[in-house]
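Shown next: input.cif, given as mmCIF, C-alpha atoms and all ligand atoms.
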```cif
data_start
loop_
_atom_site.label_atom_id
_atom_site.label_comp_id
_atom_site.auth_asym_id
_atom_site.auth_seq_id
_atom_site.Cartn_x
_atom_site.Cartn_y
_atom_site.Cartn_z
CA MET A 1 10.71 -7.00 -89.58
CA ALA A 2 8.66 -3.79 -89.86
CA LEU A 3 5.26 -4.00 -91.57
CA LEU A 4 5.25 -0.28 -92.39
CA PRO A 5 7.99 1.81 -94.02
CA PHE A 6 9.60 4.40 -91.70
CA THR A 7 8.37 7.22 -93.95
CA TRP A 8 4.82 6.49 -92.69
CA VAL A 9 5.73 6.58 -89.01
CA ARG A 10 5.87 10.37 -88.57
CA GLY A 11 2.63 10.88 -90.51
CA LEU A 12 0.76 8.33 -88.41
CA THR A 13 1.44 10.18 -85.14
CA HIS A 14 -1.62 12.43 -85.21
CA LEU A 15 -3.85 9.51 -86.24
CA LEU A 16 -3.03 7.85 -82.91
CA HIS A 17 -4.89 10.53 -80.95
CA PRO A 18 -8.03 8.39 -80.27
CA LEU A 19 -5.76 5.74 -78.70
CA ARG A 20 -4.17 8.40 -76.47
CA VAL A 21 -7.63 9.37 -75.26
CA LEU A 22 -8.45 5.74 -74.41
CA VAL A 23 -5.15 5.41 -72.52
CA ALA A 24 -5.78 8.68 -70.64
CA ARG A 25 -9.24 7.35 -69.57
CA GLY A 26 -7.69 4.11 -68.34
CA TRP A 27 -9.44 1.90 -70.93
CA LEU A 28 -6.17 0.79 -72.52
CA ARG A 29 -2.65 0.40 -71.16
CA GLU A 30 0.01 2.42 -72.96
CA SER A 31 2.49 -0.46 -72.80
CA ASP A 32 0.01 -2.77 -74.58
CA VAL A 33 -0.69 -0.18 -77.28
CA ASP A 34 3.04 0.44 -77.74
CA ALA A 35 3.73 -3.28 -78.07
CA ALA A 36 1.14 -3.50 -80.89
CA LEU A 37 2.43 -0.35 -82.62
CA ALA A 38 6.02 -1.63 -82.47
CA LEU A 39 4.94 -4.60 -84.59
CA LEU A 40 4.03 -2.16 -87.36
CA HIS A 41 7.36 -0.35 -87.01
CA PRO A 42 9.83 -0.35 -84.08
CA ALA A 43 9.88 3.47 -84.09
CA LEU A 44 6.09 3.81 -83.84
CA ARG A 45 4.90 4.61 -80.30
CA LEU A 46 1.98 6.39 -78.68
CA ASN A 47 3.99 9.03 -76.79
CA ARG A 48 7.61 7.90 -76.52
CA VAL A 49 10.20 9.32 -78.90
CA PHE A 50 12.06 6.81 -81.05
CA ALA A 51 14.37 7.61 -83.95
CA ARG A 52 15.82 5.75 -86.90
CA VAL A 53 19.54 5.94 -87.67
CA MET A 54 19.77 7.55 -91.12
CA GLN A 55 23.54 8.00 -91.45
CA ARG A 56 26.85 7.37 -89.66
CA GLN A 57 29.86 9.55 -90.32
CA TRP A 58 33.26 9.49 -88.63
CA VAL A 59 34.28 13.07 -87.81
CA ALA A 60 37.50 12.22 -85.91
CA GLU A 61 39.41 9.03 -85.19
CA ASP A 62 37.37 8.57 -82.02
CA MET A 63 34.15 10.42 -82.78
CA LEU A 64 31.12 9.47 -84.85
CA GLU A 65 28.28 11.75 -85.89
CA LEU A 66 24.90 10.05 -86.18
CA THR A 67 22.07 11.48 -88.24
CA LEU A 68 18.75 10.43 -86.74
CA ARG A 69 15.16 10.97 -87.78
CA ALA A 70 12.68 11.00 -84.92
CA ASN A 71 9.09 9.83 -84.91
CA GLY A 72 6.28 12.38 -84.70
CA ASN A 73 6.44 12.56 -80.89
CA TRP A 74 9.70 14.56 -81.04
CA ARG A 75 9.13 18.08 -79.71
CA GLY A 76 12.43 19.57 -80.85
CA ALA A 77 15.44 21.03 -79.09
CA LYS A 78 17.75 24.02 -79.28
CA PRO A 79 21.29 24.14 -80.66
CA GLY A 80 23.83 23.60 -77.87
CA GLN A 81 21.60 21.18 -75.94
CA HIS A 82 22.20 17.53 -75.08
CA LEU A 83 19.99 14.53 -75.63
CA GLN A 84 19.53 11.31 -73.71
CA LEU A 85 19.86 8.12 -75.85
CA TYR A 86 18.63 4.74 -74.60
CA LEU A 87 19.56 1.30 -75.73
CA GLU A 88 19.06 -2.19 -74.45
CA ARG A 89 21.94 -4.61 -74.16
CA ASP A 90 21.57 -8.13 -72.84
CA GLY A 91 18.21 -7.18 -71.35
CA VAL A 92 19.68 -4.16 -69.50
CA ARG A 93 18.45 -0.68 -70.36
CA LEU A 94 21.34 1.77 -70.63
CA SER A 95 21.35 5.49 -71.29
CA ARG A 96 23.85 8.24 -71.98
CA SER A 97 23.72 11.90 -72.94
CA TYR A 98 25.23 13.23 -76.17
CA SER A 99 25.33 16.73 -77.58
CA LEU A 100 23.21 17.78 -80.53
CA THR A 101 25.42 19.00 -83.34
CA ALA A 102 22.60 19.91 -85.76
CA LEU A 103 18.82 20.22 -85.84
CA GLN A 104 16.82 20.23 -89.04
CA LEU A 105 13.18 20.27 -90.06
CA GLY A 106 11.19 17.05 -90.31
CA GLY A 107 12.56 15.56 -87.09
CA ARG A 108 16.14 15.24 -88.35
CA LEU A 109 18.88 15.72 -85.80
CA GLN A 110 22.55 14.93 -85.40
CA VAL A 111 24.47 13.87 -82.31
CA ALA A 112 28.19 13.25 -81.94
CA ILE A 113 29.49 10.30 -79.91
CA LYS A 114 33.05 10.13 -78.66
CA HIS A 115 34.58 6.78 -77.86
CA GLN A 116 34.98 6.27 -74.11
CA PRO A 117 37.44 3.41 -73.57
CA GLY A 118 35.91 0.82 -71.22
CA GLY A 119 32.44 2.43 -71.50
CA ARG A 120 29.33 0.28 -71.87
CA VAL A 121 27.46 2.47 -74.34
CA SER A 122 29.75 4.45 -76.65
CA PRO A 123 31.84 1.46 -77.88
CA TYR A 124 28.61 -0.34 -78.76
CA LEU A 125 27.13 2.67 -80.55
CA LEU A 126 30.34 3.27 -82.49
CA GLU A 127 30.96 -0.33 -83.51
CA HIS A 128 27.54 -1.94 -83.83
CA LEU A 129 24.78 0.62 -84.31
CA ALA A 130 23.83 0.47 -87.98
CA VAL A 131 21.86 2.60 -90.42
CA GLY A 132 18.22 1.52 -90.09
CA ASP A 133 18.48 0.69 -86.37
CA VAL A 134 16.06 2.36 -83.99
CA LEU A 135 16.89 4.06 -80.66
CA GLU A 136 14.77 5.64 -77.97
CA LEU A 137 15.40 9.34 -77.30
CA GLY A 138 14.90 10.87 -73.87
CA ALA A 139 15.13 14.23 -72.19
CA VAL A 140 16.73 17.22 -73.86
CA TYR A 141 18.62 19.60 -71.59
CA GLY A 142 21.37 22.21 -71.53
CA GLU A 143 21.51 25.98 -71.17
CA LEU A 144 24.26 27.05 -73.59
CA SER A 145 22.98 29.56 -76.13
CA TRP A 146 24.46 31.80 -78.78
CA PRO A 147 24.87 35.38 -77.48
CA GLU A 148 22.11 37.68 -78.67
CA ALA A 149 24.30 40.75 -79.16
CA GLN A 150 25.99 41.13 -82.57
CA GLN A 151 29.43 41.21 -80.97
CA GLY A 152 32.44 38.90 -81.24
CA VAL A 153 32.33 35.38 -79.78
CA LEU A 154 35.14 33.21 -78.42
CA LEU A 155 34.45 29.44 -78.30
CA LEU A 156 36.81 27.42 -76.09
CA ALA A 157 36.34 23.64 -76.25
CA ALA A 158 38.26 20.64 -74.95
CA GLY A 159 37.70 17.07 -76.14
CA SER A 160 34.04 16.34 -76.84
CA GLY A 161 33.19 19.84 -75.54
CA ILE A 162 33.43 20.79 -79.22
CA THR A 163 30.07 19.13 -79.94
CA PRO A 164 27.53 21.54 -78.36
CA LEU A 165 29.65 24.50 -79.46
CA LEU A 166 29.67 23.22 -83.04
CA GLY A 167 25.87 22.90 -82.91
CA LEU A 168 25.66 26.56 -81.88
CA LEU A 169 28.26 27.67 -84.43
CA ARG A 170 26.58 25.88 -87.35
CA ALA A 171 23.22 27.46 -86.47
CA ALA A 172 24.68 30.97 -85.98
CA LEU A 173 26.57 30.96 -89.28
CA ALA A 174 23.52 29.61 -91.11
CA ARG A 175 21.55 32.58 -89.70
CA GLY A 176 24.18 34.95 -91.10
CA PHE A 177 26.04 35.87 -87.89
CA SER A 178 28.76 38.22 -89.10
CA ALA A 179 30.72 39.42 -86.04
CA PRO A 180 34.14 37.78 -85.43
CA VAL A 181 34.10 34.21 -84.08
CA THR A 182 37.18 32.34 -82.87
CA LEU A 183 37.00 28.63 -82.07
CA LEU A 184 39.88 27.11 -80.14
CA HIS A 185 39.70 23.33 -79.66
CA TYR A 186 42.01 21.45 -77.25
CA VAL A 187 42.69 17.79 -78.08
CA ARG A 188 45.38 15.33 -77.07
CA GLU A 189 46.56 14.52 -80.60
CA GLN A 190 45.96 15.22 -84.29
CA GLY A 191 43.46 12.42 -84.89
CA GLN A 192 41.14 13.76 -82.18
CA ARG A 193 40.58 17.06 -83.98
CA ALA A 194 36.90 16.69 -84.85
CA PHE A 195 34.98 18.06 -87.87
CA VAL A 196 38.26 19.34 -89.38
CA ASP A 197 37.14 19.32 -93.03
CA GLU A 198 33.87 21.05 -92.24
CA LEU A 199 35.48 23.67 -89.98
CA GLN A 200 38.11 24.45 -92.60
CA ALA A 201 35.41 24.78 -95.26
CA LEU A 202 33.39 27.08 -92.98
CA GLN A 203 36.52 29.15 -92.40
CA ALA A 204 37.03 29.52 -96.14
CA GLN A 205 33.40 30.49 -96.59
CA HIS A 206 33.02 32.90 -93.60
CA SER A 207 35.77 35.49 -93.29
CA ASN A 208 34.65 36.25 -89.71
CA LEU A 209 35.50 32.70 -88.52
CA GLN A 210 38.90 31.64 -87.22
CA VAL A 211 39.49 28.02 -86.08
CA ARG A 212 42.58 26.80 -84.24
CA TRP A 213 43.59 23.62 -82.48
CA SER A 214 45.93 23.07 -79.56
CA LEU A 215 47.50 19.65 -79.05
CA THR A 216 48.04 18.75 -75.43
CA ALA A 217 49.87 15.41 -75.73
CA SER A 218 51.73 15.48 -79.05
CA GLU A 219 53.78 17.72 -81.33
CA ALA A 220 51.83 20.49 -83.03
CA GLU A 221 52.04 21.07 -86.78
CA ALA A 222 52.42 24.47 -88.43
CA GLY A 223 49.62 26.83 -87.42
CA GLU A 224 48.60 24.79 -84.39
CA LEU A 225 49.10 25.65 -80.74
CA MET A 226 50.63 23.38 -78.14
CA GLY A 227 49.66 22.51 -74.61
CA ARG A 228 46.76 23.05 -72.26
CA PHE A 229 44.71 26.23 -72.05
CA THR A 230 46.67 29.36 -71.19
CA ALA A 231 45.96 33.06 -71.64
CA GLU A 232 48.91 33.20 -74.09
CA HIS A 233 46.86 31.13 -76.57
CA LEU A 234 44.45 34.05 -76.79
CA ALA A 235 47.11 36.66 -77.62
CA ALA A 236 46.26 36.54 -81.34
CA VAL A 237 42.47 36.75 -80.89
CA PRO A 238 41.44 40.13 -82.35
CA GLN A 239 39.20 42.37 -80.20
CA LEU A 240 39.32 39.85 -77.35
CA ILE A 241 37.98 42.44 -74.90
CA GLN A 242 34.70 42.67 -76.84
CA ARG A 243 34.02 38.94 -77.02
CA SER A 244 31.37 36.87 -75.30
CA VAL A 245 32.91 33.56 -74.24
CA LEU A 246 31.37 30.07 -74.40
CA THR A 247 33.33 27.14 -73.03
CA CYS A 248 32.65 23.41 -72.76
CA GLY A 249 34.82 20.46 -71.78
CA PRO A 250 36.02 18.52 -68.74
CA ALA A 251 35.53 20.23 -65.36
CA GLY A 252 39.27 21.02 -64.93
CA PHE A 253 39.46 22.76 -68.32
CA VAL A 254 36.27 24.75 -67.76
CA SER A 255 37.43 25.89 -64.35
CA GLN A 256 40.76 27.10 -65.84
CA VAL A 257 38.80 29.13 -68.41
CA GLN A 258 36.58 30.56 -65.67
CA GLN A 259 39.64 31.62 -63.64
CA TRP A 260 41.19 33.28 -66.71
CA TRP A 261 37.93 35.09 -67.51
CA GLN A 262 37.60 36.45 -63.96
CA THR A 263 41.19 37.68 -64.00
CA ALA A 264 40.89 39.17 -67.48
CA GLY A 265 37.78 41.13 -66.46
CA LEU A 266 36.08 40.91 -69.86
CA PRO A 267 32.84 42.91 -69.89
CA GLY A 268 30.97 40.31 -72.04
CA ALA A 269 29.23 37.23 -70.65
CA LEU A 270 30.81 33.83 -69.98
CA GLN A 271 28.76 30.67 -70.47
CA ALA A 272 30.41 27.51 -69.18
CA GLU A 273 29.39 23.88 -69.19
CA ALA A 274 31.46 21.02 -67.81
CA PHE A 275 30.64 17.44 -68.78
CA THR A 276 32.42 15.71 -65.96
CA PRO A 277 30.96 15.84 -62.45
CA PRO A 278 31.91 18.96 -60.48
CA ALA A 279 34.19 18.66 -57.46
CA LEU A 280 32.32 17.44 -54.40
CA ASN A 281 31.86 19.61 -51.36
CA ARG A 282 33.20 17.31 -48.63
CA ASP A 283 32.85 19.83 -45.86
CA VAL A 284 31.16 17.34 -43.52
CA SER A 285 32.72 14.60 -41.41
CA LEU A 286 32.42 11.04 -42.61
CA ARG A 287 29.73 8.99 -40.86
CA GLN A 288 27.34 6.14 -41.53
CA VAL A 289 23.63 6.71 -42.12
CA MET A 290 20.71 4.48 -43.06
CA VAL A 291 19.27 4.76 -46.58
CA ASN A 292 15.93 3.21 -47.46
CA PHE A 293 14.93 3.04 -51.13
CA ALA A 294 11.30 2.40 -50.27
CA ARG A 295 9.73 1.00 -53.44
CA SER A 296 12.73 -1.22 -54.14
CA HIS A 297 12.78 -2.53 -50.54
CA GLN A 298 16.50 -1.79 -50.36
CA GLN A 299 17.75 -0.64 -46.98
CA ASN A 300 21.35 -0.38 -45.90
CA ARG A 301 24.00 1.53 -43.99
CA VAL A 302 26.01 3.79 -46.27
CA ASP A 303 28.43 6.67 -45.89
CA ASN A 304 27.20 10.26 -46.00
CA GLN A 305 29.73 11.39 -48.65
CA ARG A 306 28.68 9.73 -51.90
CA SER A 307 25.63 10.53 -54.01
CA LEU A 308 22.41 8.55 -53.65
CA LEU A 309 22.75 7.57 -57.32
CA ASP A 310 26.13 5.91 -56.63
CA GLN A 311 24.76 4.27 -53.49
CA ALA A 312 21.68 2.93 -55.32
CA GLU A 313 23.91 1.48 -58.05
CA ASP A 314 26.03 -0.18 -55.33
CA PHE A 315 22.84 -1.99 -54.28
CA GLY A 316 22.49 -3.30 -57.86
CA MET A 317 19.65 -0.88 -58.62
CA LYS A 318 19.46 0.90 -61.96
CA PRO A 319 17.84 4.30 -61.41
CA ALA A 320 17.19 6.39 -64.52
CA HIS A 321 19.95 8.91 -65.01
CA GLY A 322 21.72 10.93 -67.67
CA CYS A 323 24.28 13.65 -67.03
CA ARG A 324 25.25 12.70 -63.43
CA GLN A 325 25.82 16.42 -62.83
CA GLY A 326 22.45 17.68 -61.65
CA ILE A 327 21.54 19.18 -65.02
CA CYS A 328 19.19 16.89 -66.95
CA ALA A 329 16.74 16.02 -64.11
CA SER A 330 16.34 12.43 -65.33
CA CYS A 331 17.34 11.03 -61.89
CA THR A 332 14.77 13.09 -59.96
CA CYS A 333 13.03 11.21 -57.11
CA THR A 334 10.94 12.23 -54.11
CA LEU A 335 12.47 12.59 -50.65
CA LEU A 336 10.08 10.86 -48.21
CA SER A 337 11.93 11.61 -44.96
CA GLY A 338 15.31 12.65 -43.60
CA THR A 339 17.83 15.22 -44.84
CA VAL A 340 19.94 15.17 -47.99
CA ARG A 341 22.89 17.39 -48.86
CA ASP A 342 23.65 18.92 -52.26
CA VAL A 343 27.19 17.56 -52.81
CA ARG A 344 28.14 20.59 -54.91
CA THR A 345 27.11 23.36 -52.55
CA GLY A 346 26.61 21.72 -49.16
CA ALA A 347 22.96 23.00 -48.99
CA LEU A 348 20.61 20.80 -46.92
CA PHE A 349 17.07 19.74 -47.93
CA SER A 350 14.66 18.00 -45.59
CA GLU A 351 11.10 18.75 -46.64
CA PRO A 352 9.13 15.51 -47.15
CA GLY A 353 7.72 15.28 -50.69
CA GLN A 354 10.50 17.42 -52.12
CA PRO A 355 11.93 16.35 -55.51
CA ILE A 356 15.68 15.69 -55.29
CA ARG A 357 18.27 14.73 -57.90
CA LEU A 358 19.95 11.50 -56.86
CA CYS A 359 23.21 12.26 -58.67
CA ILE A 360 23.98 15.39 -56.61
CA SER A 361 22.29 14.44 -53.31
CA ALA A 362 24.09 12.61 -50.51
CA PRO A 363 22.30 11.39 -47.37
CA HIS A 364 22.92 13.77 -44.47
CA SER A 365 20.81 11.80 -41.97
CA ASP A 366 18.88 8.55 -42.20
CA VAL A 367 16.76 9.03 -45.34
CA GLU A 368 13.89 7.38 -47.14
CA ILE A 369 13.62 7.86 -50.89
CA ASP A 370 10.68 7.01 -53.15
CA LEU A 371 12.61 4.78 -55.51
S1 LIG A 401 21.55 12.35 -63.91
FE1 LIG A 401 21.11 14.31 -64.77
S2 LIG A 401 20.34 15.40 -63.05
FE2 LIG A 401 20.95 13.52 -62.21
#
```
Would you write out, as structure tokens, the structure that this file holds?
Amino acid sequence: MALLPFTWVRGLTHLLHPLRVLVARGWLRESDVDAALALLHPALRLNRVFARVMQRQWVAEDMLELTLRANGNWRGAKPGQHLQLYLERDGVRLSRSYSLTALQLGGRLQVAIKHQPGGRVSPYLLEHLAVGDVLELGAVYGELSWPEAQQGVLLLAAGSGITPLLGLLRAALARGFSAPVTLLHYVREQGQRAFVDELQALQAQHSNLQVRWSLTASEAEAGELMGRFTAEHLAAVPQLIQRSVLTCGPAGFVSQVQQWWQTAGLPGALQAEAFTPPALNRDVSLRQVMVNFARSHQQNRVDNQRSLLDQAEDFGMKPAHGCRQGICASCTCTLLSGTVRDVRTGALFSEPGQPIRLCISAPHSDVEIDL
């Protein structure tokens, strides 16, 4: 039971400055201060970012948009970026990344969460997270951005890849972007078309916007396309040659778009983001090496093919992580000795003290990691 209303939490942030000074000088422990502040309101913390759930809205059969309001420690984000959410279940701290679909003043933000069957986080968030609950927010990351030139834009999304692109589209239209924009969203079936009402309303309001869906696992209705991405789906896109292209979705979809773009030779830029791990570079022979996670006193023989994040989880460890693709940096640890290999490119790193990302680093020799 909170002693303070949430509306006071953001305003109190700057009043906590003297406590931050005492923590910085080592006279107080941040965890003790946070424990006391949490009694006043669970979203009140010295430095960590917590947010209250303000609204839940289903935007597809399997996708929920959450409106959150962050405490005063929130430093903002950019449209198209992703955000780490943390929750605790049965004493275990879990985290996942979700895309920001809107950013507003006063610490308000929206994220969309797609149901992942068998997942540990999304089913809980969709079914049990309620208005008024409080969540911790973590790192913000992601490089997608709306093209600066006032030229046409083509948005190609598959599945939940719609979410960062929608964040960018909403912001661009609100700024008055007037060049042609085509959004093509690939989903398995009708019910997975997300934000349909809003996209249709935007289309009616902005004559430069065209939205289409392609169904990959069911019959299309009038006006919809059928099947997976193909260049033929772009035949009706006006002035295609002048468009910048942004694409987001599973790695296979994004790589198909990249291949098309290279073949088509469009002069504009392509920005691509895949939200499943990229294919591993397995150009080394399989062998056993010794991994030592020094601080956890975990030492074992492992193979040299899989990432250190996977190997640590096999030991029952729970390293911080987010994207599992080498993007968000939340799994960064220090290499103490040995050589690791970037599983995407095959590049080797062996300088002691070097920061490495566990999710994309495999042991190449016996290694010691500060974890
Ligand atoms: S989990 Fe995001 S960089 Fe490793």
Problem - Distance criterion (all atoms listed in the file): nearest to Leu166 in chain A out of A:Pro238, A:Pro123, A:Gly227, A:Pro79 - result: A:Pro79
Report the centre and edge lengths, in Å to one decimal, of an axis-aligned box enclosing every atom of range 316-331 of chain A listed in the file, padded by 8 Å on each side, as AutoDock Vina command-line options.
```
--center_x 21.1 --center_y 7.9 --center_z -62.8 --size_x 25.5 --size_y 38.5 --size_z 25.8
```
Exercise for the section: Could you tell me, counting all atoms listed in the file, which protein and nucleic acid residues lie no more than 8 Å from ligand LIG 401 (chain A), written as a list in words? Expected result: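 Listing the residues within 8 Å of ligand LIG 401 (chain A) gives Leu309, Ala320, His321, Gly322, Cys323, Arg324, Gln325, Gly326, Ile327, Cys328, Ala329, Ser330, Cys331, Thr332, Arg357, Leu358, Cys359 and Ile360 of chain A.
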Problem - Top pick for closest residue to Glu148 in chain A, considering A:Gly268, A:Gly252, A:Gly132, A:Pro164 and counting only C-alpha atoms - result: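 Residue with the minimum atom-to-atom distance to Glu148 in chain A: A:Gly268.
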Exercise for the section: Find the residues near Gly191 in chain A: any atom within 12 Å, counting all atoms listed in the file, skip ones fewer than 6 places away on the same chain, and give them as a VMD selection string. Expected result: chain A and resid 58 to 63 159 213 215 217 to 218 220
Compile a residue-level contact table for range 203-299 of chain A against range 361-371 of chain A at a cut-off of 12 Å, reporting for every qualifying residue the shortest atom pair and its distance in Å to one decimal, with all atoms listed in the file counted, rows ordered by chain and ascending number, as CSV.
```
residue,atom,partner,partner_atom,distance
A:Leu280,CA,A:Ala362,CA,10.3
A:Asn281,CA,A:Ala362,CA,10.5
A:Arg282,CA,A:Ala362,CA,10.4
A:Asp283,CA,A:His364,CA,11.7
A:Val284,CA,A:His364,CA,9.0
A:Ser285,CA,A:His364,CA,10.3
A:Leu286,CA,A:His364,CA,10.1
A:Arg287,CA,A:His364,CA,9.1
A:Gln288,CA,A:Ser365,CA,8.7
A:Val289,CA,A:Asp366,CA,5.1
A:Met290,CA,A:Asp366,CA,4.5
A:Val291,CA,A:Val367,CA,5.1
A:Asn292,CA,A:Glu368,CA,4.7
A:Phe293,CA,A:Ile369,CA,5.0
A:Ala294,CA,A:Asp370,CA,5.5
A:Arg295,CA,A:Leu371,CA,5.2
A:Ser296,CA,A:Leu371,CA,6.2
A:His297,CA,A:Leu371,CA,8.8
A:Gln298,CA,A:Leu371,CA,9.2
A:Gln299,CA,A:Glu368,CA,8.9
```
For the residues in that selection, give me C-alpha atoms as an mmCIF file, in the frame of the given file.
```
data_model
loop_
_atom_site.group_PDB
_atom_site.id
_atom_site.type_symbol
_atom_site.label_atom_id
_atom_site.label_comp_id
_atom_site.auth_asym_id
_atom_site.auth_seq_id
_atom_site.Cartn_x
_atom_site.Cartn_y
_atom_site.Cartn_z
ATOM 1 C CA LEU A 280 32.320 17.440 -54.400
ATOM 2 C CA ASN A 281 31.860 19.610 -51.360
ATOM 3 C CA ARG A 282 33.200 17.310 -48.630
ATOM 4 C CA ASP A 283 32.850 19.830 -45.860
ATOM 5 C CA VAL A 284 31.160 17.340 -43.520
ATOM 6 C CA SER A 285 32.720 14.600 -41.410
ATOM 7 C CA LEU A 286 32.420 11.040 -42.610
ATOM 8 C CA ARG A 287 29.730 8.990 -40.860
ATOM 9 C CA GLN A 288 27.340 6.140 -41.530
ATOM 10 C CA VAL A 289 23.630 6.710 -42.120
ATOM 11 C CA MET A 290 20.710 4.480 -43.060
ATOM 12 C CA VAL A 291 19.270 4.760 -46.580
ATOM 13 C CA ASN A 292 15.930 3.210 -47.460
ATOM 14 C CA PHE A 293 14.930 3.040 -51.130
ATOM 15 C CA ALA A 294 11.300 2.400 -50.270
ATOM 16 C CA ARG A 295 9.730 1.000 -53.440
ATOM 17 C CA SER A 296 12.730 -1.220 -54.140
ATOM 18 C CA HIS A 297 12.780 -2.530 -50.540
ATOM 19 C CA GLN A 298 16.500 -1.790 -50.360
ATOM 20 C CA GLN A 299 17.750 -0.640 -46.980
#
```
